[in-house]
file work.txt (compact mmCIF, C-alpha atoms)
# COMPACT_ATOMS: atom_id res chain seq x y z
CA MET A 1 -11.77 -7.11 24.31
CA PRO A 2 -9.94 -9.69 22.16
CA LYS A 3 -8.31 -8.60 18.93
CA LYS A 4 -10.08 -9.38 15.69
CA LYS A 5 -8.27 -11.98 13.61
CA VAL A 6 -7.85 -10.61 10.09
CA LEU A 7 -6.56 -12.40 6.99
CA PHE A 8 -5.23 -10.52 3.96
CA LEU A 9 -4.83 -12.74 0.89
CA THR A 10 -2.92 -11.25 -2.04
CA ASN A 11 -1.46 -12.55 -5.28
CA SER A 12 2.05 -11.20 -4.60
CA LEU A 13 3.90 -8.98 -2.12
CA TYR A 14 5.95 -6.76 -4.43
CA GLY A 15 6.08 -5.20 -7.87
CA GLY A 16 2.92 -3.17 -8.46
CA GLY A 17 0.70 -0.38 -7.20
CA ALA A 18 -1.66 -2.67 -5.28
CA GLU A 19 1.31 -4.20 -3.46
CA LYS A 20 2.54 -0.73 -2.45
CA VAL A 21 -0.93 0.09 -1.17
CA LEU A 22 -0.95 -3.14 0.84
CA GLN A 23 2.43 -2.26 2.39
CA THR A 24 1.18 1.19 3.42
CA LEU A 25 -2.13 -0.14 4.72
CA LEU A 26 -0.56 -2.90 6.82
CA SER A 27 2.10 -0.53 8.17
CA ASN A 28 -0.58 1.84 9.44
CA LEU A 29 -3.25 -0.51 10.81
CA ASN A 30 -4.14 -0.30 14.49
CA TYR A 31 -2.53 -3.49 15.84
CA ASN A 32 -4.08 -2.89 19.24
CA LEU A 33 -7.34 -3.91 17.58
CA PHE A 34 -6.27 -6.51 15.02
CA ASP A 35 -4.25 -9.71 14.89
CA VAL A 36 -3.21 -9.77 11.22
CA SER A 37 -2.21 -12.67 8.98
CA LEU A 38 -0.84 -12.08 5.48
CA CYS A 39 -0.93 -14.83 2.85
CA SER A 40 0.46 -14.67 -0.68
CA LEU A 41 0.00 -17.13 -3.53
CA LYS A 42 3.66 -18.08 -3.71
CA LYS A 43 6.35 -18.04 -1.05
CA GLU A 44 8.19 -14.72 -0.89
CA THR A 45 10.67 -13.16 1.52
CA LEU A 46 8.99 -10.65 3.80
CA ASP A 47 10.99 -7.40 3.68
CA TYR A 48 10.53 -5.78 7.08
CA LYS A 49 11.54 -2.40 5.68
CA LEU A 50 8.26 -2.52 3.76
CA TYR A 51 6.02 -4.73 5.91
CA PRO A 52 5.46 -4.52 9.69
CA LYS A 53 7.11 -7.17 11.87
CA ASN A 54 3.96 -8.11 13.77
CA LEU A 55 2.37 -9.95 10.82
CA HIS A 56 1.82 -13.69 10.65
CA TYR A 57 2.97 -14.68 7.17
CA ASN A 58 1.91 -17.72 5.15
CA TYR A 59 1.77 -18.76 1.48
CA ILE A 60 0.11 -21.35 -0.75
CA PHE A 61 2.65 -22.36 -3.40
CA GLU A 62 6.23 -23.29 -2.57
CA ARG A 63 9.15 -21.51 -4.25
CA LEU A 64 12.03 -23.25 -5.99
CA GLU A 65 15.38 -22.23 -4.50
CA GLU A 66 18.70 -22.31 -6.36
CA ASN A 67 20.38 -24.51 -3.76
CA ASP A 68 17.53 -27.00 -3.39
CA LYS A 69 18.46 -30.67 -3.68
CA TRP A 70 16.93 -32.55 -6.61
CA TRP A 71 14.43 -34.37 -4.41
CA LYS A 72 13.25 -31.13 -2.82
CA ARG A 73 12.84 -29.52 -6.24
CA PHE A 74 10.87 -32.55 -7.41
CA ARG A 75 8.65 -32.43 -4.32
CA THR A 76 8.06 -28.69 -4.79
CA LEU A 77 7.19 -29.05 -8.48
CA VAL A 78 4.82 -31.96 -7.89
CA GLY A 79 3.17 -30.26 -4.90
CA ASN A 80 2.62 -27.03 -6.83
CA LYS A 81 1.20 -28.90 -9.84
CA ILE A 82 -1.28 -30.73 -7.62
CA LYS A 83 -2.41 -27.45 -6.07
CA LEU A 84 -2.79 -25.84 -9.51
CA TYR A 85 -4.79 -28.82 -10.71
CA ILE A 86 -7.17 -28.55 -7.76
CA TYR A 87 -7.51 -24.79 -8.31
CA SER A 88 -8.30 -25.24 -12.01
CA HIS A 89 -10.58 -28.30 -11.85
CA TYR A 90 -12.40 -28.04 -8.54
CA SER A 91 -14.41 -25.47 -6.63
CA ALA A 92 -13.00 -22.47 -4.81
CA SER A 93 -14.47 -23.86 -1.60
CA LEU A 94 -12.41 -27.06 -1.84
CA PHE A 95 -9.21 -25.13 -2.60
CA TYR A 96 -9.89 -22.78 0.34
CA LYS A 97 -10.57 -25.70 2.70
CA LEU A 98 -7.34 -27.46 1.73
CA PHE A 99 -4.89 -24.55 1.58
CA ILE A 100 -6.08 -21.63 3.74
CA PRO A 101 -5.24 -22.50 7.36
CA GLY A 102 -6.78 -20.89 10.44
CA GLN A 103 -10.06 -19.28 11.45
CA TYR A 104 -10.59 -15.54 11.02
CA ASP A 105 -13.11 -12.87 11.95
CA ILE A 106 -12.41 -10.93 8.75
CA GLU A 107 -11.13 -12.34 5.46
CA ILE A 108 -9.88 -9.89 2.85
CA ALA A 109 -9.13 -10.62 -0.79
CA PHE A 110 -6.88 -7.63 -1.35
CA ILE A 111 -6.65 -7.92 -5.13
CA GLU A 112 -8.70 -9.23 -8.02
CA GLY A 113 -8.21 -12.61 -9.62
CA TYR A 114 -6.81 -15.58 -7.72
CA ALA A 115 -7.12 -14.05 -4.24
CA THR A 116 -10.74 -13.04 -4.81
CA ARG A 117 -11.77 -16.43 -6.16
CA ILE A 118 -10.09 -18.27 -3.27
CA ILE A 119 -11.65 -16.17 -0.48
CA SER A 120 -15.05 -16.44 -2.19
CA GLY A 121 -14.81 -20.15 -1.37
CA SER A 122 -14.47 -19.59 2.39
CA ASP A 123 -16.65 -21.96 4.40
CA ASN A 124 -16.37 -19.80 7.52
CA SER A 125 -19.95 -18.60 7.97
CA LYS A 126 -18.96 -16.38 10.90
CA SER A 127 -16.30 -14.34 9.09
CA VAL A 128 -16.88 -11.05 7.30
CA LYS A 129 -15.52 -11.26 3.76
CA ILE A 130 -14.16 -8.15 2.01
CA ALA A 131 -12.86 -7.81 -1.56
CA TRP A 132 -10.72 -4.86 -2.69
CA ILE A 133 -11.17 -3.77 -6.31
CA HIS A 134 -8.18 -1.83 -7.68
CA ILE A 135 -9.09 -1.83 -11.38
CA ASP A 136 -12.16 -1.01 -13.42
CA LEU A 137 -13.50 -4.50 -14.05
CA SER A 138 -15.93 -3.14 -16.62
CA GLN A 139 -12.83 -2.42 -18.76
CA TYR A 140 -10.43 -5.16 -17.67
CA ARG A 141 -11.82 -8.54 -16.69
CA TRP A 142 -9.76 -11.22 -14.94
CA THR A 143 -11.74 -13.78 -16.93
CA ASN A 144 -9.49 -12.80 -19.83
CA LYS A 145 -6.43 -14.04 -17.91
CA LYS A 146 -6.13 -17.77 -18.56
CA GLY A 147 -6.64 -20.07 -15.60
CA VAL A 148 -8.13 -17.63 -13.06
CA TYR A 149 -11.88 -18.08 -13.67
CA LYS A 150 -13.66 -20.65 -15.77
CA ASN A 151 -15.98 -18.03 -17.31
CA PRO A 152 -17.28 -14.45 -16.78
CA SER A 153 -20.23 -15.69 -14.72
CA GLU A 154 -17.94 -17.35 -12.19
CA GLU A 155 -16.02 -14.10 -11.79
CA ILE A 156 -19.19 -12.13 -11.08
CA GLU A 157 -20.56 -14.80 -8.74
CA SER A 158 -17.34 -14.84 -6.73
CA TYR A 159 -17.86 -11.17 -5.84
CA LYS A 160 -21.40 -11.87 -4.71
CA ALA A 161 -19.98 -14.15 -1.99
CA PHE A 162 -18.48 -11.11 -0.20
CA ASN A 163 -20.17 -9.06 2.51
CA GLN A 164 -18.38 -5.86 1.47
CA LEU A 165 -16.62 -4.68 -1.66
CA ILE A 166 -14.12 -1.81 -1.59
CA ALA A 167 -13.50 0.22 -4.77
CA VAL A 168 -10.47 2.50 -5.01
CA SER A 169 -12.38 5.33 -6.71
CA LYS A 170 -15.93 6.59 -6.98
CA THR A 171 -16.03 5.87 -10.70
CA VAL A 172 -14.94 2.26 -10.19
CA CYS A 173 -17.57 1.99 -7.45
CA GLU A 174 -20.40 3.07 -9.75
CA ASN A 175 -19.17 0.88 -12.62
CA MET A 176 -18.98 -2.16 -10.32
CA LYS A 177 -22.54 -1.62 -9.09
CA LYS A 178 -23.72 -1.83 -12.69
CA LEU A 179 -21.49 -4.76 -13.64
CA LEU A 180 -22.10 -6.91 -10.57
CA GLY A 181 -25.67 -5.90 -9.85
CA VAL A 182 -24.93 -5.36 -6.15
CA SER A 183 -25.01 -2.35 -3.82
CA ASN A 184 -22.55 -3.36 -1.08
CA ILE A 185 -19.65 -1.39 -2.61
CA LEU A 186 -17.87 1.38 -0.74
CA PRO A 187 -15.29 3.76 -2.28
CA ILE A 188 -12.10 4.18 -0.25
CA TYR A 189 -9.10 5.89 -1.83
CA ASN A 190 -5.73 4.17 -1.55
CA PRO A 191 -3.73 5.07 1.57
CA ILE A 192 -0.61 7.04 0.61
CA ASP A 193 2.20 8.03 2.95
CA SER A 194 3.20 11.45 1.56
CA THR A 195 5.90 12.02 4.18
CA GLN A 196 7.61 8.74 3.35
CA ILE A 197 7.47 9.45 -0.39
CA ILE A 198 9.07 12.88 0.04
CA ASN A 199 11.77 11.48 2.33
CA LEU A 200 12.58 8.67 -0.11
CA SER A 201 12.74 11.15 -3.00
CA GLN A 202 15.71 12.84 -1.31
CA GLN A 203 17.85 9.70 -1.26
CA PRO A 204 20.75 9.56 -3.75
CA THR A 205 20.41 7.74 -7.06
CA ASN A 206 22.82 6.94 -9.87
CA ILE A 207 20.21 7.84 -12.52
CA SER A 208 21.15 11.18 -14.06
CA PRO A 209 18.68 12.48 -16.68
CA LYS A 210 20.14 14.79 -19.31
CA LYS A 211 19.67 18.46 -18.46
CA ASP A 212 19.21 19.66 -22.07
CA LEU A 213 16.18 17.39 -22.66
CA ILE A 214 12.64 17.05 -21.34
CA ASN A 215 12.77 13.90 -19.24
CA ILE A 216 9.52 11.93 -19.12
CA VAL A 217 8.85 9.16 -16.61
CA SER A 218 6.20 6.49 -16.25
CA VAL A 219 5.98 3.87 -13.50
CA GLY A 220 4.07 0.60 -13.62
CA ARG A 221 3.98 -3.04 -14.60
CA LEU A 222 5.08 -3.64 -18.18
CA VAL A 223 1.78 -5.16 -19.29
CA HIS A 224 -0.71 -4.44 -22.08
CA GLN A 225 -3.09 -2.58 -19.76
CA LYS A 226 -0.49 0.14 -19.10
CA GLY A 227 -0.24 1.12 -22.78
CA TYR A 228 3.54 1.42 -22.95
CA ASP A 229 3.57 0.16 -26.53
CA ARG A 230 1.73 3.27 -27.68
CA LEU A 231 3.74 5.54 -25.34
CA ILE A 232 6.97 4.35 -26.95
CA SER A 233 5.40 5.02 -30.37
CA VAL A 234 4.49 8.53 -29.21
CA ILE A 235 8.07 9.21 -28.10
CA LYS A 236 9.27 8.00 -31.51
CA ARG A 237 6.92 10.47 -33.24
CA LEU A 238 8.01 13.32 -30.98
CA VAL A 239 11.72 12.66 -31.56
CA ASP A 240 11.10 12.40 -35.32
CA ASN A 241 9.42 15.81 -35.10
CA GLN A 242 12.56 17.27 -33.49
CA TYR A 243 11.38 17.29 -29.89
CA LYS A 244 14.24 16.72 -27.46
CA CYS A 245 12.88 14.24 -24.93
CA ASN A 246 13.72 10.97 -23.23
CA LEU A 247 11.40 8.39 -21.68
CA TYR A 248 12.25 6.44 -18.53
CA LEU A 249 10.12 3.39 -17.73
CA ILE A 250 10.25 2.07 -14.17
CA GLY A 251 8.85 -1.42 -13.68
CA GLU A 252 8.94 -5.05 -14.74
CA GLY A 253 6.37 -7.21 -16.48
CA GLU A 254 5.50 -9.82 -19.06
CA GLU A 255 5.76 -7.40 -22.00
CA LYS A 256 9.27 -6.15 -21.20
CA SER A 257 11.07 -8.03 -24.00
CA LYS A 258 8.35 -7.07 -26.48
CA LEU A 259 8.63 -3.40 -25.52
CA GLN A 260 12.42 -3.51 -25.69
CA GLN A 261 12.19 -5.05 -29.17
CA LEU A 262 9.76 -2.32 -30.22
CA THR A 263 12.19 0.31 -28.95
CA LYS A 264 15.02 -1.34 -30.87
CA SER A 265 12.98 -1.58 -34.08
CA PHE A 266 12.34 2.18 -33.82
CA GLY A 267 16.06 2.85 -33.26
CA MET A 268 15.11 4.55 -29.99
CA GLU A 269 17.57 2.90 -27.58
CA GLN A 270 19.10 6.33 -26.82
CA SER A 271 15.71 7.86 -26.01
CA VAL A 272 13.78 5.12 -24.17
CA PHE A 273 15.31 3.61 -21.05
CA PHE A 274 14.08 0.57 -19.10
CA LEU A 275 15.06 0.99 -15.44
CA GLY A 276 13.38 -2.19 -14.15
CA TYR A 277 11.71 -2.54 -10.77
CA GLN A 278 12.91 0.04 -8.27
CA GLN A 279 12.16 -0.38 -4.58
CA ASN A 280 12.52 3.38 -4.34
CA PRO A 281 11.31 4.98 -7.59
CA TYR A 282 10.77 8.40 -5.99
CA ASN A 283 14.38 9.60 -6.07
CA ILE A 284 14.27 8.99 -9.83
CA MET A 285 10.83 10.50 -10.37
CA GLU A 286 11.87 13.62 -8.47
CA LYS A 287 14.52 14.35 -11.11
CA MET A 288 12.06 14.18 -14.03
CA ASP A 289 10.22 16.95 -15.88
CA LEU A 290 6.94 15.22 -16.70
CA PHE A 291 4.94 12.17 -15.60
CA VAL A 292 2.82 10.26 -18.11
CA CYS A 293 0.15 7.63 -17.51
CA SER A 294 -0.59 5.86 -20.80
CA SER A 295 -2.95 3.22 -19.39
CA ARG A 296 -5.81 1.70 -21.32
CA SER A 297 -7.66 1.38 -17.98
CA GLU A 298 -6.94 2.34 -14.36
CA GLY A 299 -8.95 2.03 -11.17
CA PHE A 300 -7.06 4.66 -9.16
CA SER A 301 -3.47 5.10 -10.47
CA LEU A 302 -1.37 5.24 -7.34
CA VAL A 303 1.61 6.51 -9.32
CA ILE A 304 -0.29 9.61 -10.47
CA ALA A 305 -0.99 10.44 -6.83
CA GLU A 306 2.69 9.85 -5.99
CA ALA A 307 3.82 12.04 -8.90
CA MET A 308 1.56 14.82 -7.62
CA ILE A 309 3.11 14.57 -4.16
CA LEU A 310 6.49 15.08 -5.86
CA GLY A 311 5.19 18.10 -7.81
CA LEU A 312 5.41 16.62 -11.29
CA PRO A 313 3.15 17.89 -14.09
CA ILE A 314 0.87 15.08 -15.28
CA VAL A 315 -0.41 13.87 -18.64
CA SER A 316 -2.80 10.91 -18.50
CA THR A 317 -5.19 9.05 -20.72
CA THR A 318 -8.84 9.32 -19.77
CA CYS A 319 -9.91 6.44 -17.50
CA SER A 320 -11.66 5.97 -14.16
CA GLY A 321 -9.04 6.77 -11.53
CA PRO A 322 -7.05 9.48 -13.36
CA ASN A 323 -10.27 11.34 -14.19
CA GLU A 324 -10.98 11.69 -10.46
CA LEU A 325 -7.40 12.39 -9.42
CA LEU A 326 -6.95 15.11 -12.04
CA ASP A 327 -10.51 16.36 -11.50
CA ASN A 328 -11.30 16.38 -15.23
CA ASN A 329 -8.25 18.36 -16.43
CA LYS A 330 -8.04 20.74 -13.45
CA TYR A 331 -4.81 19.29 -12.01
CA GLY A 332 -3.27 17.74 -15.11
CA ILE A 333 -3.90 17.11 -18.79
CA LEU A 334 -6.34 14.29 -19.59
CA THR A 335 -6.13 13.04 -23.15
CA GLU A 336 -8.27 10.87 -25.38
CA ASN A 337 -7.43 7.24 -24.57
CA SER A 338 -5.46 6.66 -27.77
CA GLU A 339 -1.99 7.07 -29.21
CA ASN A 340 -2.99 10.30 -30.95
CA GLY A 341 -4.50 11.63 -27.74
CA LEU A 342 -1.29 10.89 -25.83
CA TYR A 343 0.78 12.52 -28.55
CA ASP A 344 -1.24 15.74 -28.43
CA GLY A 345 -1.21 15.90 -24.63
CA ILE A 346 2.53 15.30 -24.26
CA LYS A 347 3.30 17.65 -27.15
CA SER A 348 1.39 20.47 -25.46
CA MET A 349 3.52 20.02 -22.33
CA LEU A 350 6.75 19.90 -24.34
CA ASP A 351 5.78 23.04 -26.22
CA SER A 352 5.42 25.18 -23.10
CA LYS A 353 7.74 25.45 -20.10
CA GLU A 354 5.15 27.73 -18.52
CA LEU A 355 2.44 25.08 -18.86
CA ARG A 356 4.67 22.49 -17.20
CA ALA A 357 5.38 24.89 -14.34
CA GLN A 358 1.66 25.64 -13.98
CA TYR A 359 0.71 21.98 -13.73
CA ALA A 360 3.62 21.25 -11.40
CA GLN A 361 2.14 23.77 -8.94
CA LEU A 362 -1.33 22.34 -9.42
CA SER A 363 0.01 18.85 -8.67
CA LEU A 364 1.46 20.05 -5.38
CA SER A 365 -1.80 21.77 -4.46
CA ARG A 366 -3.72 18.57 -5.18
CA SER A 367 -1.37 16.42 -3.07
CA SER A 368 -3.08 17.64 0.12
CA PHE A 369 -6.07 15.60 -1.09
CA PHE A 370 -4.22 12.42 -0.08
CA GLU A 371 -4.43 12.37 3.70
CA LEU A 372 -3.08 9.10 5.13
CA ASP A 373 -4.80 9.51 8.51
CA LYS A 374 -8.19 10.12 6.92
CA THR A 375 -8.00 7.00 4.74
CA MET A 376 -6.63 4.80 7.53
CA ASN A 377 -9.40 5.96 9.86
CA GLN A 378 -11.90 4.77 7.25
CA ILE A 379 -10.20 1.39 6.97
CA ASN A 380 -9.75 0.89 10.72
CA SER A 381 -13.38 1.86 11.23
CA LEU A 382 -14.56 -0.53 8.50
CA LEU A 383 -12.71 -3.46 10.05
CA THR A 384 -13.76 -2.57 13.58
CA ASN A 385 -17.44 -2.19 12.77
CA ASP A 386 -17.53 -5.39 10.76
call {"tool": "encode", "arguments": {"input": "work.txt", "output": "structure tokens"}}
result
Amino acid sequence: MPKKKVLFLTNSLYGGGAEKVLQTLLSNLNYNLFDVSLCSLKKETLDYKLYPKNLHYNYIFERLEENDKWWKRFRTLVGNKIKLYIYSHYSASLFYKLFIPGQYDIEIAFIEGYATRIISGSDNSKSVKIAWIHIDLSQYRWTNKKGVYKNPSEEIESYKAFNQLIAVSKTVCENMKKLLGVSNILPIYNPIDSTQIINLSQQPTNISPKKDLINIVSVGRLVHQKGYDRLISVIKRLVDNQYKCNLYLIGEGEEKSKLQQLTKSFGMEQSVFFLGYQQNPYNIMEKMDLFVCSSRSEGFSLVIAEAMILGLPIVSTTCSGPNELLDNNKYGILTENSENGLYDGIKSMLDSKELRAQYAQLSLSRSSFFELDKTMNQINSLLTND
């Protein structure tokens, strides 16, 4: 029986939770059944420590290189501008026809936004089209990001072009049914390699949190959705109220300079530390005393699951994914989705060493919930049956 040809289209290969999920998923697919192509929006270097070697890799937009000759830079800039113009002014079907090479049995838009709109334009009537939904679109619409969709209706219609939608939590699944008015949505939790996370957490790191403080960590893109502006404000309030704590932020993003300026304006440079993107964040997380998710919205929150695997006590704002992962306060503290809510939740953890120890044990007990084999069996079965 010939292998099924599968295309995964994603916005980028590195930097966020969805990209980590993609790395784990592709590393654990059954390649006896599938011939897999991976395509990203812009050209990136495929790191074979993170991605399997038996992928066919392609990209849409060229990347400017430091050593490029002037004529090559000019050609790259002009070529990319033409592609962007076509994306912005013409239909998804035309863009797909021009820039997505090959014929596939299954076409997967692995993330919202650009990838979803492009695959929705596929003219391959024989392929099964699948869209992965990692965020709660009822709370965070890609229409709000300039240049992705022309209007909210186009965003909704693009999802209706897919045969199957995958939501990363049950709550997101139910919310998407209401928002999109469709029923072809299946919840599948993100695949997580617990063994790999634990092994990576044992590697050495030069980050040494202070032993006489409560060290708080959060991991994610430095964007408005993640709520780091209010988390930094909470740390300021706690320090002003004589709590001895530091905050470590792991990640990069468009709001980094704004958040650094906020930290400076508070005079908190000795309490809030920006560690940037870390290929291995787990050896840093493992040294911390508390994990905080300050997000305004989350579909699943991969980093909460990873923090549980490492036995960290959790404080999170109330939103779709964390509510399920923490089972409504059973395995961690869920707070009102506000600055005051975060303050109260973190304060309660700082006030009690016993409470932190209790939730650390509960995190470890919950980590058995994330079975890689179970999730991958679901995904392999989905792709095989389709």
call {"tool": "atom_distance", "arguments": {"input": "work.txt", "atom1": "CA of Glu269 (chain A)", "atom2": "CA of Thr335 (chain A)"}}
result
26.2 Å
call {"tool": "residues_around", "arguments": {"input": "work.txt", "residues": "Leu33 (chain A)", "least_positions_apart": "4", "cutoff": "12 Å", "atoms": "only C-alpha atoms", "output": "MDAnalysis selection string"}}
result
chainID A and resid 1:6 29 380:381 383:385
call {"tool": "write_last_selection", "arguments": {"input": "work.txt", "atoms": "C-alpha atoms", "output": "mmCIF file, keeping the file's coordinate frame"}}
result
data_model
loop_
_atom_site.group_PDB
_atom_site.id
_atom_site.type_symbol
_atom_site.label_atom_id
_atom_site.label_comp_id
_atom_site.auth_asym_id
_atom_site.auth_seq_id
_atom_site.Cartn_x
_atom_site.Cartn_y
_atom_site.Cartn_z
ATOM 1 C CA MET A 1 -11.770 -7.110 24.310
ATOM 2 C CA PRO A 2 -9.940 -9.690 22.160
ATOM 3 C CA LYS A 3 -8.310 -8.600 18.930
ATOM 4 C CA LYS A 4 -10.080 -9.380 15.690
ATOM 5 C CA LYS A 5 -8.270 -11.980 13.610
ATOM 6 C CA VAL A 6 -7.850 -10.610 10.090
ATOM 7 C CA LEU A 29 -3.250 -0.510 10.810
ATOM 8 C CA ASN A 380 -9.750 0.890 10.720
ATOM 9 C CA SER A 381 -13.380 1.860 11.230
ATOM 10 C CA LEU A 383 -12.710 -3.460 10.050
ATOM 11 C CA THR A 384 -13.760 -2.570 13.580
ATOM 12 C CA ASN A 385 -17.440 -2.190 12.770
#
call {"tool": "atom_distance", "arguments": {"input": "work.txt", "atom1": "CA of Arg356 (chain A)", "atom2": "CA of Ile284 (chain A)"}}
result
18.1 Å
call {"tool": "closest_atom_pairs", "arguments": {"input": "work.txt", "of": "region 108-140 of chain A", "to": "region 297-307 of chain A", "cutoff": "12 Å", "atoms": "all atoms listed in the file", "output": "tab-separated table"}}
result
residue	atom	partner	partner_atom	distance
A:Ile111	CA	A:Gly299	CA	11.9
A:Glu112	CA	A:Gly299	CA	11.7
A:Trp132	CA	A:Gly299	CA	11.1
A:Ile133	CA	A:Gly299	CA	7.9
A:His134	CA	A:Gly299	CA	5.3
A:Ile135	CA	A:Gly299	CA	3.9
A:Asp136	CA	A:Gly299	CA	5.0
A:Leu137	CA	A:Gly299	CA	8.5
A:Ser138	CA	A:Ser297	CA	9.5
A:Gln139	CA	A:Ser297	CA	6.5
A:Tyr140	CA	A:Ser297	CA	7.1
call {"tool": "closest_residue", "arguments": {"input": "work.txt", "among": "A:Leu180, A:Lys170, A:Lys236, A:Asp351", "to": "Pro322 (chain A)", "atoms": "only C-alpha atoms"}}
result
A:Lys170
call {"tool": "residues_around", "arguments": {"input": "work.txt", "residues": "Leu41 (chain A)", "least_positions_apart": "6", "cutoff": "10 Å", "atoms": "only C-alpha atoms", "output": "list in words"}}
result
Leu9, Thr10, Asn11, Ser12, Leu13, Asn58, Tyr59, Ile60, Phe61, Glu62, Tyr114 and Ala115 of chain A
call {"tool": "residues_around", "arguments": {"input": "work.txt", "residues": "Ser120 (chain A)", "least_positions_apart": "5", "cutoff": "8 Å", "atoms": "all atoms listed in the file", "output": "PyMOL selection string"}}
result
chain A and resi 92-93+129+158-159+161-162
call {"tool": "closest_residue", "arguments": {"input": "work.txt", "among": "A:Ile118, A:Leu94, A:Ile100, A:Cys293", "to": "Gly341 (chain A)", "atoms": "all atoms listed in the file"}}
result
A:Cys293
call {"tool": "residues_around", "arguments": {"input": "work.txt", "residues": "region 206-221 of chain A", "least_positions_apart": "2", "cutoff": "7 Å", "atoms": "only C-alpha atoms", "output": "short mmCIF file (atom, residue, chain, number, x, y, z; two decimals) with C-alpha atoms, in the frame of the given file"}}
result
data_model
loop_
_atom_site.label_atom_id
_atom_site.label_comp_id
_atom_site.auth_asym_id
_atom_site.auth_seq_id
_atom_site.Cartn_x
_atom_site.Cartn_y
_atom_site.Cartn_z
CA GLY A 16 2.92 -3.17 -8.46
CA PRO A 204 20.75 9.56 -3.75
CA VAL A 223 1.78 -5.16 -19.29
CA LYS A 244 14.24 16.72 -27.46
CA CYS A 245 12.88 14.24 -24.93
CA ASN A 246 13.72 10.97 -23.23
CA LEU A 247 11.40 8.39 -21.68
CA TYR A 248 12.25 6.44 -18.53
CA LEU A 249 10.12 3.39 -17.73
CA ILE A 250 10.25 2.07 -14.17
CA GLY A 251 8.85 -1.42 -13.68
CA GLU A 252 8.94 -5.05 -14.74
CA GLY A 253 6.37 -7.21 -16.48
CA ILE A 284 14.27 8.99 -9.83
CA MET A 285 10.83 10.50 -10.37
CA MET A 288 12.06 14.18 -14.03
CA ASP A 289 10.22 16.95 -15.88
CA LEU A 290 6.94 15.22 -16.70
CA PHE A 291 4.94 12.17 -15.60
CA VAL A 292 2.82 10.26 -18.11
CA CYS A 293 0.15 7.63 -17.51
CA VAL A 303 1.61 6.51 -9.32
#
call {"tool": "closest_residue", "arguments": {"input": "work.txt", "among": "A:Lys81, A:Gln358, A:Thr263, A:Arg296", "to": "Glu336 (chain A)", "atoms": "all atoms listed in the file"}}
result
A:Arg296
call {"tool": "axis_aligned_box", "arguments": {"input": "work.txt", "around": "region 269-282 of chain A", "padding_each_side": "5 Å", "output": "lines of an AutoDock Vina configuration file"}}
result
center_x = 14.9
center_y = 2.9
center_z = -16.0
size_x = 18.3
size_y = 20.9
size_z = 33.2
call {"tool": "closest_residue", "arguments": {"input": "work.txt", "among": "A:Pro281, A:Gly267, A:Gly147, A:Gly332", "to": "Met349 (chain A)", "atoms": "all atoms listed in the file"}}
result
A:Gly332
call {"tool": "atom_distance", "arguments": {"input": "work.txt", "atom1": "CA of Gln242 (chain A)", "atom2": "CA of Lys226 (chain A)"}}
result
25.9 Å
call {"tool": "closest_residue", "arguments": {"input": "work.txt", "among": "A:Lys145, A:Lys97, A:His56, A:His89", "to": "Phe8 (chain A)", "atoms": "all atoms listed in the file"}}
result
A:His56
call {"tool": "closest_residue", "arguments": {"input": "work.txt", "among": "A:Phe99, A:Ile197, A:Ile333, A:Ser368", "to": "Ile86 (chain A)", "atoms": "all atoms listed in the file"}}
result
A:Phe99
